[in-house]
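What's in run_28.csv: CSV, C-alpha atoms and all ligand atoms
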```csv
chain,number,residue,atom,x,y,z
A,1,MET,CA,-1.6,-25.4,2.6
A,2,ALA,CA,-1.5,-24.1,-0.9
A,3,THR,CA,1.6,-23.0,-2.8
A,4,LEU,CA,1.9,-22.4,-6.6
A,5,ALA,CA,4.9,-22.5,-8.8
A,6,LEU,CA,4.9,-21.1,-12.3
A,7,ARG,CA,7.9,-22.0,-14.4
A,8,ASP,CA,8.5,-20.4,-17.8
A,9,LEU,CA,4.7,-20.4,-18.4
A,10,ARG,CA,3.8,-19.5,-22.0
A,11,LYS,CA,0.5,-19.0,-23.9
A,12,SER,CA,0.1,-18.5,-27.6
A,13,TYR,CA,-3.1,-17.7,-29.4
A,14,ALA,CA,-2.5,-18.5,-33.1
A,15,ASN,CA,0.5,-16.2,-33.9
A,16,LEU,CA,0.2,-14.0,-30.8
A,17,GLU,CA,2.3,-14.9,-27.7
A,18,ALA,CA,0.2,-13.5,-24.9
A,19,ILE,CA,2.3,-14.9,-22.1
A,20,LYS,CA,6.0,-15.0,-22.8
A,21,GLY,CA,7.6,-17.1,-20.1
A,22,VAL,CA,6.4,-16.2,-16.6
A,23,THR,CA,8.3,-17.7,-13.6
A,24,LEU,CA,6.9,-17.0,-10.1
A,25,ASP,CA,6.3,-18.6,-6.7
A,26,VAL,CA,3.1,-18.0,-4.8
A,27,GLU,CA,3.6,-18.8,-1.1
A,28,ASP,CA,1.1,-20.4,1.2
A,29,ARG,CA,-1.5,-17.8,2.4
A,30,GLU,CA,0.0,-15.1,0.3
A,31,PHE,CA,-2.1,-12.4,-1.3
A,32,VAL,CA,-0.6,-11.9,-4.7
A,33,VAL,CA,-1.8,-9.3,-7.1
A,34,PHE,CA,-1.1,-9.3,-10.9
A,35,VAL,CA,-1.3,-5.8,-12.1
A,36,GLY,CA,-0.6,-4.2,-15.5
A,37,PRO,CA,-2.2,-2.2,-18.2
A,38,SER,CA,-5.1,-3.6,-20.3
A,39,GLY,CA,-3.9,-6.3,-22.6
A,40,CYS,CA,-0.7,-7.2,-20.7
A,41,GLY,CA,-1.9,-10.8,-20.2
A,42,LYS,CA,-2.9,-10.8,-16.5
A,43,SER,CA,-6.4,-12.4,-17.1
A,44,THR,CA,-4.8,-14.9,-19.4
A,45,LEU,CA,-2.3,-15.9,-16.8
A,46,LEU,CA,-5.0,-16.2,-14.1
A,47,ARG,CA,-7.1,-18.3,-16.4
A,48,MET,CA,-4.2,-20.6,-17.1
A,49,ILE,CA,-3.8,-21.1,-13.4
A,50,ALA,CA,-7.6,-21.8,-13.1
A,51,GLY,CA,-7.4,-24.3,-15.9
A,52,LEU,CA,-9.7,-22.3,-18.2
A,53,GLU,CA,-6.9,-21.7,-20.8
A,54,GLU,CA,-4.6,-24.4,-22.1
A,55,ILE,CA,-1.0,-23.9,-21.2
A,56,THR,CA,1.2,-23.7,-24.3
A,57,GLY,CA,4.6,-24.2,-22.6
A,58,GLY,CA,6.2,-24.4,-19.1
A,59,ASP,CA,5.1,-26.0,-15.9
A,60,LEU,CA,2.4,-25.0,-13.4
A,61,THR,CA,2.5,-26.8,-10.0
A,62,ILE,CA,0.1,-26.6,-7.1
A,63,ASP,CA,1.4,-27.9,-3.8
A,64,GLY,CA,4.3,-29.6,-5.7
A,65,LYS,CA,2.0,-31.4,-8.2
A,66,ARG,CA,2.2,-30.5,-11.9
A,67,VAL,CA,-1.3,-29.6,-13.0
A,68,ASN,CA,-0.9,-28.5,-16.6
A,69,ASP,CA,-3.2,-31.2,-17.7
A,70,VAL,CA,-5.5,-31.4,-14.7
A,71,GLY,CA,-9.1,-30.0,-15.3
A,72,PRO,CA,-10.3,-26.9,-13.6
A,73,ALA,CA,-12.6,-28.7,-11.2
A,74,GLN,CA,-9.8,-30.9,-9.9
A,75,ARG,CA,-7.3,-28.1,-9.2
A,76,GLY,CA,-9.0,-27.1,-5.9
A,77,LEU,CA,-9.3,-23.4,-6.9
A,78,ALA,CA,-12.2,-21.1,-6.9
A,79,MET,CA,-12.5,-18.1,-9.2
A,80,VAL,CA,-14.5,-14.9,-8.7
A,81,PHE,CA,-15.2,-12.9,-11.8
A,82,GLN,CA,-15.9,-9.2,-12.5
A,83,SER,CA,-19.4,-10.2,-13.7
A,84,TYR,CA,-20.9,-11.8,-10.7
A,85,ALA,CA,-22.7,-14.5,-12.8
A,86,LEU,CA,-25.3,-15.1,-10.1
A,87,TYR,CA,-28.5,-17.1,-11.0
A,88,PRO,CA,-31.2,-14.4,-10.9
A,89,HIS,CA,-34.0,-16.8,-10.0
A,90,MET,CA,-32.2,-18.2,-7.0
A,91,THR,CA,-31.9,-16.6,-3.5
A,92,VAL,CA,-28.6,-15.6,-2.1
A,93,ALA,CA,-28.5,-18.8,0.0
A,94,GLN,CA,-29.4,-21.0,-3.0
A,95,ASN,CA,-26.7,-19.2,-5.2
A,96,MET,CA,-24.1,-19.8,-2.5
A,97,GLY,CA,-25.0,-23.4,-2.0
A,98,PHE,CA,-25.6,-24.4,-5.6
A,99,ALA,CA,-22.1,-25.8,-6.4
A,100,LEU,CA,-22.3,-27.9,-3.2
A,101,LYS,CA,-25.7,-29.2,-4.2
A,102,LEU,CA,-24.4,-30.2,-7.6
A,103,ALA,CA,-21.5,-31.9,-5.8
A,104,GLY,CA,-24.0,-33.9,-3.8
A,105,VAL,CA,-23.3,-32.4,-0.4
A,106,LYS,CA,-26.0,-33.1,2.1
A,107,THR,CA,-28.5,-30.4,2.9
A,108,GLU,CA,-27.4,-30.0,6.5
A,109,GLU,CA,-23.7,-29.7,5.7
A,110,ARG,CA,-24.6,-27.4,2.8
A,111,ASN,CA,-26.7,-25.1,5.0
A,112,ALA,CA,-23.9,-24.9,7.6
A,113,LYS,CA,-21.4,-23.9,5.1
A,114,VAL,CA,-23.7,-21.3,3.6
A,115,ALA,CA,-24.4,-19.9,7.0
A,116,GLU,CA,-20.7,-19.7,7.9
A,117,ALA,CA,-19.9,-17.9,4.6
A,118,ALA,CA,-22.9,-15.5,5.1
A,119,ARG,CA,-21.6,-14.7,8.6
A,120,ILE,CA,-18.0,-14.0,7.3
A,121,LEU,CA,-19.4,-11.8,4.5
A,122,GLN,CA,-22.1,-10.1,6.6
A,123,LEU,CA,-24.8,-11.4,4.2
A,124,GLU,CA,-27.0,-13.0,6.9
A,125,PRO,CA,-29.8,-10.4,6.5
A,126,TYR,CA,-30.0,-11.1,2.8
A,127,LEU,CA,-30.0,-14.9,2.5
A,128,ASP,CA,-33.6,-15.0,1.2
A,129,ARG,CA,-33.3,-12.2,-1.3
A,130,LYS,CA,-32.8,-12.6,-5.0
A,131,PRO,CA,-29.7,-11.0,-6.7
A,132,GLY,CA,-31.9,-8.3,-8.3
A,133,GLN,CA,-32.7,-7.0,-4.8
A,134,LEU,CA,-29.1,-6.5,-3.8
A,135,SER,CA,-26.6,-3.7,-4.4
A,136,GLY,CA,-23.5,-4.3,-6.6
A,137,GLY,CA,-21.3,-4.7,-3.5
A,138,GLN,CA,-23.7,-7.2,-2.0
A,139,ARG,CA,-23.8,-9.2,-5.2
A,140,GLN,CA,-20.0,-9.3,-5.4
A,141,ARG,CA,-20.0,-10.6,-1.8
A,142,VAL,CA,-22.5,-13.4,-2.8
A,143,ALA,CA,-20.1,-14.3,-5.6
A,144,ILE,CA,-17.3,-14.5,-3.1
A,145,GLY,CA,-19.5,-16.5,-0.8
A,146,ARG,CA,-20.1,-19.0,-3.5
A,147,SER,CA,-16.3,-19.6,-3.6
A,148,ILE,CA,-15.9,-19.7,0.2
A,149,VAL,CA,-18.4,-22.5,0.7
A,150,ARG,CA,-16.2,-24.7,-1.5
A,151,ASN,CA,-13.2,-24.2,0.8
A,152,PRO,CA,-10.8,-23.9,-2.1
A,153,LYS,CA,-7.0,-24.1,-1.7
A,154,VAL,CA,-6.6,-20.9,-3.7
A,155,PHE,CA,-9.0,-18.0,-4.5
A,156,LEU,CA,-8.6,-16.4,-7.9
A,157,PHE,CA,-10.1,-13.0,-8.4
A,158,ASP,CA,-10.4,-11.4,-11.9
A,159,GLU,CA,-11.0,-7.7,-11.5
A,160,PRO,CA,-13.8,-8.3,-9.0
A,161,LEU,CA,-14.4,-4.7,-8.1
A,162,SER,CA,-14.4,-3.1,-11.6
A,163,ASN,CA,-18.2,-2.8,-11.7
A,164,LEU,CA,-18.5,-1.0,-8.4
A,165,ASP,CA,-18.4,2.8,-7.9
A,166,ALA,CA,-15.4,4.4,-6.3
A,167,ALA,CA,-16.7,4.5,-2.7
A,168,LEU,CA,-17.8,0.9,-2.8
A,169,ARG,CA,-14.5,-0.2,-4.3
A,170,GLY,CA,-12.7,1.4,-1.4
A,171,GLN,CA,-14.9,-0.4,1.0
A,172,MET,CA,-14.6,-3.8,-0.7
A,173,ARG,CA,-10.8,-3.5,-0.8
A,174,ILE,CA,-10.8,-3.4,3.0
A,175,GLU,CA,-13.3,-6.2,3.2
A,176,LEU,CA,-11.2,-8.4,0.9
A,177,ALA,CA,-8.1,-7.7,3.0
A,178,ARG,CA,-10.0,-8.7,6.1
A,179,LEU,CA,-11.4,-11.8,4.4
A,180,HIS,CA,-7.8,-12.8,3.5
A,181,GLU,CA,-6.8,-12.6,7.1
A,182,GLN,CA,-9.9,-14.4,8.3
A,183,LEU,CA,-9.7,-17.3,5.8
A,184,ASN,CA,-5.9,-17.6,5.9
A,185,ALA,CA,-6.1,-18.6,2.3
A,186,THR,CA,-3.8,-18.1,-0.7
A,187,MET,CA,-5.3,-15.5,-3.0
A,188,ILE,CA,-4.3,-14.3,-6.5
A,189,TYR,CA,-6.0,-11.1,-7.6
A,190,VAL,CA,-5.9,-9.5,-11.1
A,191,THR,CA,-6.4,-5.8,-11.5
A,192,HIS,CA,-5.4,-2.9,-13.8
A,193,ASP,CA,-5.7,-0.6,-10.8
A,194,GLN,CA,-2.4,0.0,-9.1
A,195,VAL,CA,-4.2,1.4,-6.0
A,196,GLU,CA,-5.9,-2.0,-5.5
A,197,ALA,CA,-2.5,-3.7,-5.9
A,198,MET,CA,-0.8,-1.4,-3.5
A,199,THR,CA,-3.4,-1.6,-0.8
A,200,MET,CA,-4.1,-5.3,-0.8
A,201,ALA,CA,-1.1,-7.3,-1.9
A,202,ASP,CA,1.6,-9.0,0.1
A,203,LYS,CA,3.3,-9.4,-3.3
A,204,ILE,CA,2.7,-7.5,-6.5
A,205,VAL,CA,3.6,-8.9,-9.9
A,206,VAL,CA,3.8,-6.1,-12.5
A,207,LEU,CA,3.1,-7.5,-16.0
A,208,HIS,CA,3.7,-5.8,-19.3
A,209,ALA,CA,3.3,-7.3,-22.8
A,210,GLY,CA,3.2,-10.8,-21.5
A,211,ARG,CA,6.3,-10.6,-19.3
A,212,VAL,CA,6.9,-9.9,-15.6
A,213,GLU,CA,8.5,-6.5,-15.2
A,214,GLN,CA,9.0,-6.8,-11.4
A,215,VAL,CA,7.9,-8.8,-8.4
A,216,GLY,CA,8.0,-7.2,-4.9
A,217,SER,CA,6.1,-5.9,-1.9
A,218,PRO,CA,4.0,-2.8,-2.5
A,219,LEU,CA,6.6,-0.5,-0.9
A,220,GLU,CA,9.5,-2.1,-2.6
A,221,LEU,CA,7.9,-1.5,-6.0
A,222,TYR,CA,7.0,2.0,-5.0
A,223,HIS,CA,10.4,3.0,-3.6
A,224,HIS,CA,12.6,0.9,-5.8
A,225,PRO,CA,11.1,0.3,-9.2
A,226,ASN,CA,13.5,-1.8,-11.3
A,227,ASN,CA,12.8,0.1,-14.5
A,228,LEU,CA,11.0,3.0,-16.2
A,229,PHE,CA,7.9,0.9,-16.9
A,230,VAL,CA,7.3,0.1,-13.2
A,231,ALA,CA,8.3,3.6,-12.1
A,232,GLY,CA,5.7,5.1,-14.4
A,233,PHE,CA,3.0,2.6,-13.7
A,234,MET,CA,3.1,2.3,-9.9
A,235,GLY,CA,2.0,5.5,-8.1
A,236,SER,CA,-0.6,8.1,-8.7
A,237,PRO,CA,0.1,10.8,-9.7
A,238,ARG,CA,2.9,9.2,-11.5
A,239,MET,CA,6.6,9.8,-11.0
A,240,ASN,CA,8.1,12.8,-12.8
A,241,LEU,CA,10.5,11.3,-15.4
A,242,LEU,CA,12.9,13.8,-16.7
A,243,PRO,CA,15.7,13.6,-19.3
A,244,ALA,CA,19.0,14.4,-17.6
A,245,THR,CA,22.8,14.3,-18.1
A,246,VAL,CA,25.3,12.9,-15.6
A,247,THR,CA,27.6,15.6,-14.3
A,248,GLU,CA,29.5,13.7,-11.6
A,249,VAL,CA,29.9,10.2,-10.2
A,250,ASP,CA,31.4,9.8,-6.7
A,251,GLN,CA,30.9,8.0,-3.4
A,252,ASN,CA,27.7,10.1,-2.8
A,253,GLY,CA,26.1,8.8,-5.9
A,254,VAL,CA,25.3,10.1,-9.3
A,255,SER,CA,24.8,13.8,-9.9
A,256,VAL,CA,22.7,15.0,-12.8
A,257,ALA,CA,21.5,18.1,-14.5
A,258,GLY,CA,18.0,18.0,-15.9
A,259,PRO,CA,15.6,20.4,-17.6
A,260,GLY,CA,14.6,23.8,-16.1
A,261,GLY,CA,17.7,24.2,-13.9
A,262,ILE,CA,17.1,20.9,-12.0
A,263,THR,CA,20.2,19.4,-10.4
A,264,ALA,CA,20.3,16.5,-8.0
A,265,THR,CA,22.6,13.9,-6.6
A,266,ALA,CA,20.9,10.6,-6.3
A,267,PRO,CA,22.4,8.2,-3.8
A,268,VAL,CA,22.7,5.3,-6.2
A,269,GLU,CA,25.4,3.1,-7.6
A,270,ALA,CA,26.9,4.1,-10.9
A,271,ASN,CA,26.8,0.7,-12.6
A,272,GLY,CA,28.4,1.8,-15.8
A,273,ILE,CA,26.8,5.2,-15.8
A,274,GLY,CA,29.6,7.8,-16.3
A,275,ARG,CA,29.9,11.6,-16.7
A,276,GLY,CA,28.0,12.7,-19.8
A,277,THR,CA,25.6,9.7,-19.9
A,278,SER,CA,22.1,10.6,-20.9
A,279,VAL,CA,19.8,9.2,-18.2
A,280,THR,CA,16.3,9.7,-16.8
A,281,LEU,CA,15.9,11.3,-13.5
A,282,GLY,CA,12.8,10.1,-11.6
A,283,VAL,CA,11.3,12.1,-8.7
A,284,ARG,CA,7.9,11.3,-7.2
A,285,PRO,CA,5.5,14.3,-6.8
A,286,GLU,CA,5.8,14.2,-3.0
A,287,HIS,CA,9.6,14.4,-3.2
A,288,MET,CA,9.5,17.7,-5.1
A,289,LEU,CA,9.2,20.4,-2.4
A,290,VAL,CA,7.8,23.9,-2.5
A,291,ASP,CA,10.8,25.7,-0.9
A,292,PRO,CA,11.4,29.5,-0.8
A,293,ASN,CA,15.2,28.7,-0.9
A,294,GLY,CA,14.9,26.2,-3.7
A,295,THR,CA,16.9,26.7,-6.9
A,296,ILE,CA,14.3,25.4,-9.4
A,297,ASN,CA,12.0,28.1,-10.7
A,298,GLY,CA,8.6,27.8,-12.3
A,299,HIS,CA,5.0,28.7,-11.9
A,300,ALA,CA,1.9,26.6,-11.3
A,301,LEU,CA,-0.5,26.3,-14.2
A,302,ILE,CA,-3.1,24.3,-12.2
A,303,ALA,CA,-3.6,23.6,-8.5
A,304,GLU,CA,-5.7,20.5,-7.8
A,305,ARG,CA,-6.8,21.0,-4.2
A,306,LEU,CA,-7.9,17.7,-2.9
A,307,GLY,CA,-8.4,18.8,0.7
A,308,GLY,CA,-5.8,16.8,2.5
A,309,LEU,CA,-3.2,17.5,-0.2
A,310,THR,CA,-2.6,19.7,-3.2
A,311,LEU,CA,-1.3,18.7,-6.6
A,312,LEU,CA,0.5,21.5,-8.3
A,313,HIS,CA,1.1,21.2,-12.1
A,314,ILE,CA,4.2,23.4,-12.5
A,315,GLU,CA,5.8,24.7,-15.7
A,316,LEU,CA,9.5,25.2,-15.3
A,317,GLN,CA,11.4,27.9,-17.1
A,318,ASP,CA,12.1,25.8,-20.1
A,319,LYS,CA,8.4,24.7,-20.3
A,320,THR,CA,9.0,21.3,-18.8
A,321,MET,CA,5.9,20.2,-16.8
A,322,ILE,CA,6.2,18.6,-13.5
A,323,VAL,CA,3.7,17.5,-10.8
A,324,VAL,CA,4.4,18.5,-7.2
A,325,GLN,CA,2.4,17.1,-4.2
A,326,THR,CA,2.2,19.4,-1.2
A,327,ASP,CA,-0.1,19.6,1.8
A,328,GLY,CA,-3.7,20.7,1.7
A,329,ALA,CA,-2.9,24.1,3.2
A,330,ASP,CA,-0.3,24.9,0.6
A,331,ALA,CA,-0.5,28.6,-0.3
A,332,THR,CA,0.9,28.5,-3.9
A,333,ARG,CA,-1.2,30.4,-6.3
A,334,VAL,CA,-1.6,29.6,-10.0
A,335,HIS,CA,0.4,31.8,-12.4
A,336,GLN,CA,2.6,33.1,-9.5
A,337,PRO,CA,6.4,32.2,-9.4
A,338,VAL,CA,7.2,29.3,-7.2
A,339,ARG,CA,10.6,27.9,-6.1
A,340,LEU,CA,11.2,24.2,-5.7
A,341,SER,CA,13.8,21.8,-4.3
A,342,ILE,CA,14.2,18.1,-4.6
A,343,ALA,CA,14.6,15.6,-1.8
A,344,PRO,CA,17.7,13.9,-3.2
A,345,ALA,CA,17.5,10.7,-1.1
A,346,HIS,CA,14.4,9.8,-3.0
A,347,CYS,CA,15.7,10.4,-6.5
A,348,HIS,CA,15.9,7.6,-9.1
A,349,ILE,CA,18.3,7.3,-12.0
A,350,PHE,CA,17.4,5.2,-15.0
A,351,GLY,CA,20.2,4.3,-17.4
A,352,PRO,CA,19.9,4.5,-21.2
A,353,ASP,CA,18.6,0.9,-21.1
A,354,GLY,CA,15.7,2.0,-18.9
A,355,LEU,CA,17.0,0.1,-15.9
A,356,ALA,CA,17.2,1.7,-12.4
A,357,ALA,CA,20.5,2.3,-10.7
A,358,GLU,CA,20.4,0.5,-7.3
A,359,HIS,CA,20.1,2.8,-4.3
A,360,LEU,CA,23.2,2.7,-2.0
A,361,GLN,CA,21.0,2.2,1.1
A,362,ARG,CA,17.5,0.9,1.6
A,363,ASN,CA,14.8,1.3,4.2
A,364,PRO,CA,14.1,-2.1,5.7
A,365,LEU,CA,10.4,-1.8,4.6
A,366,THR,CA,11.5,-1.7,1.0
A,367,MET,CA,13.9,-4.7,1.0
A,368,PRO,CA,13.3,-7.1,-1.9
A,369,VAL,CA,11.0,-10.1,-1.3
A,370,ARG,CA,11.9,-13.4,-2.8
A,371,ALA,CA,10.6,-13.4,-6.4
A,372,HIS,CA,10.9,-17.2,-7.0
B,401,LIG,P1,-5.4,-8.2,-19.6
B,401,LIG,O1,-6.2,-9.2,-18.7
B,401,LIG,O2,-4.1,-7.9,-19.1
B,401,LIG,O3,-6.2,-7.0,-20.1
B,401,LIG,P2,-5.6,-10.5,-21.5
B,401,LIG,O4,-4.9,-11.5,-20.7
B,401,LIG,O5,-7.1,-10.5,-21.5
B,401,LIG,O6,-5.1,-9.0,-21.0
B,401,LIG,O7,-5.0,-10.5,-23.0
B,401,LIG,C1,-3.6,-10.6,-23.3
B,401,LIG,C2,-3.4,-10.6,-24.8
B,401,LIG,O8,-4.0,-11.8,-25.3
B,401,LIG,C3,-4.2,-9.4,-25.5
B,401,LIG,O9,-3.4,-9.0,-26.5
B,401,LIG,C4,-5.5,-10.1,-26.0
B,401,LIG,O10,-5.9,-9.5,-27.1
B,401,LIG,C5,-5.0,-11.5,-26.3
B,401,LIG,N1,-6.0,-12.5,-26.1
B,401,LIG,C6,-6.7,-12.8,-24.9
B,401,LIG,N2,-7.6,-13.8,-25.1
B,401,LIG,C7,-7.5,-14.2,-26.4
B,401,LIG,C8,-8.2,-15.2,-27.3
B,401,LIG,N3,-9.1,-16.0,-26.8
B,401,LIG,N4,-7.8,-15.2,-28.6
B,401,LIG,C9,-6.8,-14.4,-29.1
B,401,LIG,N5,-6.2,-13.5,-28.3
B,401,LIG,C10,-6.5,-13.4,-27.0
```
Can I see the file as structure tokens?
Ligand code: ADP
Amino acid sequence: MATLALRDLRKSYANLEAIKGVTLDVEDREFVVFVGPSGCGKSTLLRMIAGLEEITGGDLTIDGKRVNDVGPAQRGLAMVFQSYALYPHMTVAQNMGFALKLAGVKTEERNAKVAEAARILQLEPYLDRKPGQLSGGQRQRVAIGRSIVRNPKVFLFDEPLSNLDAALRGQMRIELARLHEQLNATMIYVTHDQVEAMTMADKIVVLHAGRVEQVGSPLELYHHPNNLFVAGFMGSPRMNLLPATVTEVDQNGVSVAGPGGITATAPVEANGIGRGTSVTLGVRPEHMLVDPNGTINGHALIAERLGGLTLLHIELQDKTMIVVQTDGADATRVHQPVRLSIAPAHCHIFGPDGLAAEHLQRNPLTMPVRAH
């Protein structure tokens, strides 16, 4: 059992407030990912939870107990860093068992725990090797093994996959998701990579400039970003965000006219948006369709053919650039005219304050999760 509660947590370095009041609940056995651009404060927040950074303001509780002033070793957490920080002169088994040895755990019990961690992480064939004889992925597994043997209440991961190449990162993502299932443990994971966040998290916390922008399940954040920042950050290629003017508001939603002849009726609540309001229309690349009967005209400048899908970079008649995602067999040629239409159900409208208008209906998969 391990739950965490963050209440108005703050961190100042001299005259810089790096964390500006974060309130969040982490449920038992949840996989929570802190994601955001470099410098947004995600590592600082993780280190505050770990006890490696002093907390300037607010309360941090673990299993109902306030731990602001409890030392890192007493918090029952284990942290896995980007740099594996393995001892080069020790074998894999010695590295994994070292913390237990320091804690005075008897050899027999220690060996059993190391063997169990090696089994879970498929490190059994490498127990006698030194870190220098391992691949990057294997080293990261040893670093994780070092945490597992301590049976912590909560695992904290600080960009653990950043040093690995793309293929290995993909593989390790799956391994970590499996590990989470096997260990049934609470995990908090920091990354700047929204793909890692989307693929592993039960709950994503999007941070920006020391504040939480939105908390939600991956699909909730993807389909219902609260604001322009989250809309632009989550999803690759990113959402097309286009300046538009409201032409009509009725029971079907908000109709807008955008650049390059784009018109759309987004099924969203008006919430103070009226005719003539300047808004931002958001359409994900997969919701812009190549359609011979479409009313939006343009031509592709670049076609990125990725095999299973194609990304078309299209210039509209007024020179506005948009990205359209189509299937791998798409026949659109560069520099040839192309017609497009928009899937209106998936349009987003952001008001002048940058906040999203709420959709009139939601798919159950994208319902809000409890933020705190
Ligand atoms: P992220 O992990 O999202 O890249 P960090 O948590 O490392 O961001 O940093 C958040 C902000 O706090 C940044 O502006 C960074 O420069 C600042 N910061 C981090 N650590 C320190 C420190 N020890 N002293 C002063 N400023 C720091």
Item to check | Test item: residues at most 8 Å from range 258-275 of chain A, only C-alpha atoms, excluding those fewer than 5 positions along its chain, as a PyMOL selection string | outcome: chain A and resi 242-249+252-253+281+295-297+316-320+342+344-349+351+357-361
Write the selection just made, keeping C-alpha atoms, as a PDB file, in the frame of the given file?
```
ATOM      1  CA  LEU A 242      12.900  13.800 -16.700  1.00  0.00           C
ATOM      2  CA  PRO A 243      15.700  13.600 -19.300  1.00  0.00           C
ATOM      3  CA  ALA A 244      19.000  14.400 -17.600  1.00  0.00           C
ATOM      4  CA  THR A 245      22.800  14.300 -18.100  1.00  0.00           C
ATOM      5  CA  VAL A 246      25.300  12.900 -15.600  1.00  0.00           C
ATOM      6  CA  THR A 247      27.600  15.600 -14.300  1.00  0.00           C
ATOM      7  CA  GLU A 248      29.500  13.700 -11.600  1.00  0.00           C
ATOM      8  CA  VAL A 249      29.900  10.200 -10.200  1.00  0.00           C
ATOM      9  CA  ASN A 252      27.700  10.100  -2.800  1.00  0.00           C
ATOM     10  CA  GLY A 253      26.100   8.800  -5.900  1.00  0.00           C
ATOM     11  CA  LEU A 281      15.900  11.300 -13.500  1.00  0.00           C
ATOM     12  CA  THR A 295      16.900  26.700  -6.900  1.00  0.00           C
ATOM     13  CA  ILE A 296      14.300  25.400  -9.400  1.00  0.00           C
ATOM     14  CA  ASN A 297      12.000  28.100 -10.700  1.00  0.00           C
ATOM     15  CA  LEU A 316       9.500  25.200 -15.300  1.00  0.00           C
ATOM     16  CA  GLN A 317      11.400  27.900 -17.100  1.00  0.00           C
ATOM     17  CA  ASP A 318      12.100  25.800 -20.100  1.00  0.00           C
ATOM     18  CA  LYS A 319       8.400  24.700 -20.300  1.00  0.00           C
ATOM     19  CA  THR A 320       9.000  21.300 -18.800  1.00  0.00           C
ATOM     20  CA  ILE A 342      14.200  18.100  -4.600  1.00  0.00           C
ATOM     21  CA  PRO A 344      17.700  13.900  -3.200  1.00  0.00           C
ATOM     22  CA  ALA A 345      17.500  10.700  -1.100  1.00  0.00           C
ATOM     23  CA  HIS A 346      14.400   9.800  -3.000  1.00  0.00           C
ATOM     24  CA  CYS A 347      15.700  10.400  -6.500  1.00  0.00           C
ATOM     25  CA  HIS A 348      15.900   7.600  -9.100  1.00  0.00           C
ATOM     26  CA  ILE A 349      18.300   7.300 -12.000  1.00  0.00           C
ATOM     27  CA  GLY A 351      20.200   4.300 -17.400  1.00  0.00           C
ATOM     28  CA  ALA A 357      20.500   2.300 -10.700  1.00  0.00           C
ATOM     29  CA  GLU A 358      20.400   0.500  -7.300  1.00  0.00           C
ATOM     30  CA  HIS A 359      20.100   2.800  -4.300  1.00  0.00           C
ATOM     31  CA  LEU A 360      23.200   2.700  -2.000  1.00  0.00           C
ATOM     32  CA  GLN A 361      21.000   2.200   1.100  1.00  0.00           C
TER      33      GLN A 361
END
```
For the interface of chain A with ligand LIG 401 (chain B) (cut-off 8 Å, counting only C-alpha atoms and all ligand atoms), please tabulate each contacting residue of chain A alongside its nearest pair of atoms and their separation in Å to one decimal, rows sorted by chain and increasing number, as a tab-separated table.
```
residue	atom	partner	partner_atom	distance
A:Tyr13	CA	B:LIG401	C9	5.0
A:Ala14	CA	B:LIG401	C9	7.2
A:Leu16	CA	B:LIG401	N5	6.9
A:Glu17	CA	B:LIG401	O8	7.4
A:Ala18	CA	B:LIG401	O8	4.5
A:Ile19	CA	B:LIG401	C1	7.4
A:Val35	CA	B:LIG401	O2	7.8
A:Gly36	CA	B:LIG401	O2	6.2
A:Pro37	CA	B:LIG401	O2	6.1
A:Ser38	CA	B:LIG401	O3	3.6
A:Gly39	CA	B:LIG401	O6	3.4
A:Cys40	CA	B:LIG401	O2	3.8
A:Gly41	CA	B:LIG401	O4	3.1
A:Lys42	CA	B:LIG401	O2	4.1
A:Ser43	CA	B:LIG401	O1	3.6
A:Thr44	CA	B:LIG401	O4	3.6
A:Leu45	CA	B:LIG401	O4	6.4
A:Val190	CA	B:LIG401	O1	7.6
A:Thr191	CA	B:LIG401	O1	8.0
A:His192	CA	B:LIG401	O2	7.4
A:Leu207	CA	B:LIG401	O2	7.8
A:Ala209	CA	B:LIG401	C1	7.7
A:Gly210	CA	B:LIG401	C1	7.0
```
Checklist entry - Using all atoms listed in the file, which of the listed residues (A:Gly282, A:Pro88, A:Gly21, A:Gly76) sits closest to Asn151 in chain A? => result A:Gly76
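Computed from the coordinates, the CA of Gly64 in chain A to CA of Met1 in chain A distance equals 11.0 Å.
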Checklist entry - Within 8 Å of Phe81 in chain A, counting all atoms listed in the file, which residues qualify if same-chain residues fewer than 2 places away don't, as a ChimeraX atom specification? => result /A:79,83-85,157-160
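For the set A:Arg146, A:His223, A:Arg75, A:Lys11, the residue with the smallest atom-to-atom gap to Ala50 in chain A is A:Arg75, counting only C-alpha atoms.
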Checklist entry - Which is closer to His89 in chain A than all the others in A:Gln133, A:Gln122, A:Thr310, A:Thr107, using all atoms listed in the file? => result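 Among A:Gln133, A:Gln122, A:Thr310, A:Thr107, it is A:Gln133 that comes nearest to His89 in chain A.
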Checklist entry - Asn226 in chain A: which residues within 12 Å, counting all atoms listed in the file, same-chain residues fewer than 4 positions away excluded, as a PyMOL selection string? => result chain A and resi 206+212-216+220-222+230-234+282+348-351+353-359+368
Checklist entry - Got a sec: who's within 9 Å of range 6-8 of chain A, counting all atoms listed in the file, leaving out chain neighbours fewer than 3 positions off, as a PyMOL selection string? => result chain A and resi 20-26+49+57-62+372
Checklist entry - Of the residues A:Gln138, A:Ser147, A:Thr186, A:Ser217, which is the one nearest to Met198 in chain A, using only C-alpha atoms? => result A:Ser217
Item to check | Shortest interatomic distance to Gln182 in chain A - which of A:Thr56, A:Ala257, A:Arg119, A:Gln82, counting all atoms listed in the file | outcome: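 Of A:Thr56, A:Ala257, A:Arg119, A:Gln82, the one nearest Gln182 in chain A is A:Arg119, counting all atoms listed in the file.
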Checklist entry - Given the choices A:Lys203, A:Pro352, A:Arg333, A:Ala167, which gets closest to Leu228 in chain A if the distance is worked out from all atoms listed in the file? => result A:Pro352
